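S.K.: So that you have it, the file is work30.pdb, and it contains PDB, C-alpha atoms, pLDDT in the B column:
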ATOM      1  CA  MET A 296       0.000   0.000   0.000  1.00 42.00           C
ATOM      2  CA  PRO A 297       1.343   3.450  -0.843  1.00 43.00           C
ATOM      3  CA  ALA A 298       2.683   5.634   1.942  1.00 45.00           C
ATOM      4  CA  GLY A 299       1.121   8.925   2.878  1.00 50.00           C
ATOM      5  CA  ASP A 300      -2.503   9.921   3.154  1.00 53.00           C
ATOM      6  CA  LEU A 301      -4.088   7.534   0.641  1.00 67.00           C
ATOM      7  CA  GLY A 302      -7.808   7.947   0.338  1.00 74.00           C
ATOM      8  CA  PRO A 303     -10.088   5.296  -1.142  1.00 89.00           C
ATOM      9  CA  VAL A 304      -9.799   4.514  -4.838  1.00 94.00           C
ATOM     10  CA  ARG A 305     -12.981   5.742  -6.474  1.00 95.00           C
ATOM     11  CA  HIS A 306     -14.546   4.326  -9.607  1.00 94.00           C
ATOM     12  CA  GLU A 307     -16.126   7.099 -11.647  1.00 91.00           C
ATOM     13  CA  ALA A 308     -18.836   6.466 -14.224  1.00 84.00           C
ATOM     14  CA  THR A 309     -16.730   8.342 -16.793  1.00 88.00           C
ATOM     15  CA  GLY A 310     -14.304   5.425 -17.212  1.00 95.00           C
ATOM     16  CA  ARG A 311     -11.793   6.454 -14.610  1.00 97.00           C
ATOM     17  CA  PHE A 312     -10.417   5.285 -11.293  1.00 97.00           C
ATOM     18  CA  THR A 313      -9.091   8.055  -9.051  1.00 97.00           C
ATOM     19  CA  VAL A 314      -7.425   8.379  -5.695  1.00 96.00           C
ATOM     20  CA  LEU A 315      -6.686  11.476  -3.630  1.00 94.00           C
ATOM     21  CA  VAL A 316      -3.266  11.449  -1.959  1.00 93.00           C
ATOM     22  CA  ASP A 317      -1.917  14.375   0.028  1.00 92.00           C
ATOM     23  CA  GLY A 318      -4.232  16.753  -1.830  1.00 92.00           C
ATOM     24  CA  HIS A 319      -3.295  15.466  -5.326  1.00 95.00           C
ATOM     25  CA  VAL A 320      -5.463  13.332  -7.631  1.00 96.00           C
ATOM     26  CA  ALA A 321      -3.976  10.324  -9.440  1.00 97.00           C
ATOM     27  CA  GLU A 322      -6.016   8.588 -12.122  1.00 97.00           C
ATOM     28  CA  LEU A 323      -6.305   5.587 -14.390  1.00 98.00           C
ATOM     29  CA  ASP A 324      -8.462   6.043 -17.502  1.00 98.00           C
ATOM     30  CA  TYR A 325     -10.081   3.163 -19.340  1.00 98.00           C
ATOM     31  CA  ARG A 326     -12.820   2.310 -21.814  1.00 97.00           C
ATOM     32  CA  VAL A 327     -14.859  -0.834 -22.295  1.00 96.00           C
ATOM     33  CA  GLU A 328     -15.443  -2.183 -25.797  1.00 93.00           C
ATOM     34  CA  GLY A 329     -16.627  -5.628 -26.753  1.00 90.00           C
ATOM     35  CA  GLY A 330     -16.360  -7.009 -23.231  1.00 89.00           C
ATOM     36  CA  ALA A 331     -12.747  -5.892 -22.779  1.00 96.00           C
ATOM     37  CA  MET A 332     -11.426  -3.108 -20.569  1.00 97.00           C
ATOM     38  CA  THR A 333      -8.680  -1.102 -22.281  1.00 98.00           C
ATOM     39  CA  LEU A 334      -6.414   0.682 -19.815  1.00 98.00           C
ATOM     40  CA  PHE A 335      -5.083   3.659 -21.763  1.00 97.00           C
ATOM     41  CA  HIS A 336      -3.679   6.153 -19.258  1.00 97.00           C
ATOM     42  CA  THR A 337      -2.272   6.137 -15.746  1.00 97.00           C
ATOM     43  CA  GLY A 338      -1.349   9.517 -14.308  1.00 97.00           C
ATOM     44  CA  VAL A 339       0.254  10.319 -10.982  1.00 97.00           C
ATOM     45  CA  PRO A 340       1.351  13.876 -10.213  1.00 97.00           C
ATOM     46  CA  GLU A 341       5.090  14.219  -9.621  1.00 96.00           C
ATOM     47  CA  ALA A 342       4.459  15.489  -6.090  1.00 96.00           C
ATOM     48  CA  ILE A 343       3.125  12.063  -5.061  1.00 95.00           C
ATOM     49  CA  GLY A 344       5.134   9.841  -7.390  1.00 94.00           C
ATOM     50  CA  GLY A 345       7.239   6.894  -6.309  1.00 94.00           C
ATOM     51  CA  ARG A 346       4.796   5.582  -3.706  1.00 93.00           C
ATOM     52  CA  GLY A 347       3.179   2.733  -5.641  1.00 94.00           C
ATOM     53  CA  ILE A 348       0.024   4.719  -6.300  1.00 96.00           C
ATOM     54  CA  ALA A 349      -0.132   3.902 -10.022  1.00 96.00           C
ATOM     55  CA  GLY A 350       0.258   0.226  -9.182  1.00 95.00           C
ATOM     56  CA  GLU A 351      -2.612   0.427  -6.713  1.00 95.00           C
ATOM     57  CA  LEU A 352      -4.808   2.027  -9.376  1.00 97.00           C
ATOM     58  CA  VAL A 353      -3.933  -0.737 -11.858  1.00 97.00           C
ATOM     59  CA  ARG A 354      -4.616  -3.434  -9.239  1.00 96.00           C
ATOM     60  CA  VAL A 355      -8.039  -1.965  -8.424  1.00 96.00           C
ATOM     61  CA  ALA A 356      -8.917  -1.687 -12.132  1.00 97.00           C
ATOM     62  CA  LEU A 357      -7.874  -5.294 -12.759  1.00 98.00           C
ATOM     63  CA  ASP A 358      -9.841  -6.530  -9.757  1.00 97.00           C
ATOM     64  CA  HIS A 359     -12.863  -4.650 -11.115  1.00 96.00           C
ATOM     65  CA  ALA A 360     -12.399  -6.223 -14.560  1.00 97.00           C
ATOM     66  CA  ARG A 361     -12.126  -9.694 -13.026  1.00 97.00           C
ATOM     67  CA  ALA A 362     -15.276  -9.208 -10.939  1.00 97.00           C
ATOM     68  CA  ALA A 363     -17.148  -8.012 -14.044  1.00 95.00           C
ATOM     69  CA  GLY A 364     -15.921 -10.944 -16.159  1.00 96.00           C
ATOM     70  CA  MET A 365     -13.957  -8.713 -18.553  1.00 97.00           C
ATOM     71  CA  LYS A 366     -10.641  -9.237 -20.265  1.00 97.00           C
ATOM     72  CA  VAL A 367      -8.058  -6.437 -20.183  1.00 98.00           C
ATOM     73  CA  VAL A 368      -6.026  -4.701 -22.886  1.00 97.00           C
ATOM     74  CA  PRO A 369      -3.105  -2.789 -21.318  1.00 97.00           C
ATOM     75  CA  ALA A 370      -2.632   0.020 -23.868  1.00 97.00           C
ATOM     76  CA  CYS A 371      -0.925   2.065 -21.145  1.00 96.00           C
ATOM     77  CA  SER A 372       2.776   1.150 -20.930  1.00 96.00           C
ATOM     78  CA  TYR A 373       2.767   1.328 -17.119  1.00 96.00           C
ATOM     79  CA  ALA A 374      -0.194  -1.056 -16.850  1.00 97.00           C
ATOM     80  CA  LYS A 375       1.462  -3.483 -19.278  1.00 97.00           C
ATOM     81  CA  VAL A 376       4.688  -3.611 -17.256  1.00 97.00           C
ATOM     82  CA  TRP A 377       2.748  -3.903 -13.979  1.00 97.00           C
ATOM     83  CA  ILE A 378       0.820  -6.922 -15.274  1.00 97.00           C
ATOM     84  CA  GLU A 379       4.063  -8.536 -16.472  1.00 97.00           C
ATOM     85  CA  LYS A 380       5.389  -8.221 -12.900  1.00 97.00           C
ATOM     86  CA  HIS A 381       2.194  -9.650 -11.359  1.00 98.00           C
ATOM     87  CA  PRO A 382       1.508 -13.020 -12.999  1.00 96.00           C
ATOM     88  CA  GLU A 383      -1.631 -13.531 -10.931  1.00 97.00           C
ATOM     89  CA  TYR A 384      -3.331 -11.037 -13.290  1.00 98.00           C
ATOM     90  CA  ARG A 385      -2.054 -12.370 -16.626  1.00 96.00           C
ATOM     91  CA  ASP A 386      -5.173 -14.514 -17.087  1.00 97.00           C
ATOM     92  CA  LEU A 387      -7.084 -11.263 -17.655  1.00 97.00           C
ATOM     93  CA  LEU A 388      -5.144 -10.328 -20.787  1.00 97.00           C
ATOM     94  CA  ALA A 389      -7.298 -10.216 -23.904  1.00 93.00           C
TER      95      ALA A 389
END
For the structure just supplied, provide its representation as structure tokens.
M.R.:
Amino acid sequence: MPAGDLGPVRHEATGRFTVLVDGHVAELDYRVEGGAMTLFHTGVPEAIGGRGIAGELVRVALDHARAAGMKVVPACSYAKVWIEKHPEYRDLLA
């Protein structure tokens, strides 16, 4: 879990997961097409970088995809590398 004041990860209806950390918002943007969730952007402000926040956003998004029965397309380079490092999520790859 990231250090600092990590609030809950929120799932917004606009295709985004967000988390508020120390007054800064980090986000992961996605879209769903044909039963697959495409992760296309992970953004963490520099002020809160290096705490594992992007990884937490990816984990939450992947857990959401699994619960919804969706496959995942990691178009975001960070998400792709994160999944490669966490084999327990590779079964979600489309």
S.K.: Distance CA of Ala331 (chain A)-CA of Ile348 (chain A), one decimal place?
M.R.: 23.4 Å
S.K.: With the PyMOL selection byres ((chain A and resi 372) around 10) as the selection, what would be picked from this file? Answer as a VMD selection string, please.
M.R.: chain A and resid 334 to 337 369 to 371 373 to 377
S.K.: Pick the closest to Val367 (chain A) from A:Lys380, A:Arg354, A:His306, A:Arg346: which is it, counting only C-alpha atoms?
M.R.: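 Of A:Lys380, A:Arg354, A:His306, A:Arg346, the one nearest Val367 (chain A) is A:Arg354, counting only C-alpha atoms.
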S.K.: For a cut-off of 12 Å around (-3.6, -13.1, -15.5), file coordinates, pick out all residues using all atoms listed in the file and list them as a VMD selection string.
M.R.: chain A and resid 354 357 to 358 360 to 361 365 to 369 375 377 to 389
S.K.: Could the residues in this selection be written to a file with C-alpha atoms, as an mmCIF file, keeping the file's coordinate frame?
M.R.:
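What landed in again06.cif:
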data_model
loop_
_atom_site.group_PDB
_atom_site.id
_atom_site.type_symbol
_atom_site.label_atom_id
_atom_site.label_comp_id
_atom_site.auth_asym_id
_atom_site.auth_seq_id
_atom_site.Cartn_x
_atom_site.Cartn_y
_atom_site.Cartn_z
ATOM 1 C CA ARG A 354 -4.616 -3.434 -9.239
ATOM 2 C CA LEU A 357 -7.874 -5.294 -12.759
ATOM 3 C CA ASP A 358 -9.841 -6.530 -9.757
ATOM 4 C CA ALA A 360 -12.399 -6.223 -14.560
ATOM 5 C CA ARG A 361 -12.126 -9.694 -13.026
ATOM 6 C CA MET A 365 -13.957 -8.713 -18.553
ATOM 7 C CA LYS A 366 -10.641 -9.237 -20.265
ATOM 8 C CA VAL A 367 -8.058 -6.437 -20.183
ATOM 9 C CA VAL A 368 -6.026 -4.701 -22.886
ATOM 10 C CA PRO A 369 -3.105 -2.789 -21.318
ATOM 11 C CA LYS A 375 1.462 -3.483 -19.278
ATOM 12 C CA TRP A 377 2.748 -3.903 -13.979
ATOM 13 C CA ILE A 378 0.820 -6.922 -15.274
ATOM 14 C CA GLU A 379 4.063 -8.536 -16.472
ATOM 15 C CA LYS A 380 5.389 -8.221 -12.900
ATOM 16 C CA HIS A 381 2.194 -9.650 -11.359
ATOM 17 C CA PRO A 382 1.508 -13.020 -12.999
ATOM 18 C CA GLU A 383 -1.631 -13.531 -10.931
ATOM 19 C CA TYR A 384 -3.331 -11.037 -13.290
ATOM 20 C CA ARG A 385 -2.054 -12.370 -16.626
ATOM 21 C CA ASP A 386 -5.173 -14.514 -17.087
ATOM 22 C CA LEU A 387 -7.084 -11.263 -17.655
ATOM 23 C CA LEU A 388 -5.144 -10.328 -20.787
ATOM 24 C CA ALA A 389 -7.298 -10.216 -23.904
#
S.K.: The PyMOL selection byres ((chain A and resi 307) around 12) - which residues does that actually catch in the file I just gave you? List them as a PyMOL selection string.
M.R.: chain A and resi 304-306+308-314+322-326+356
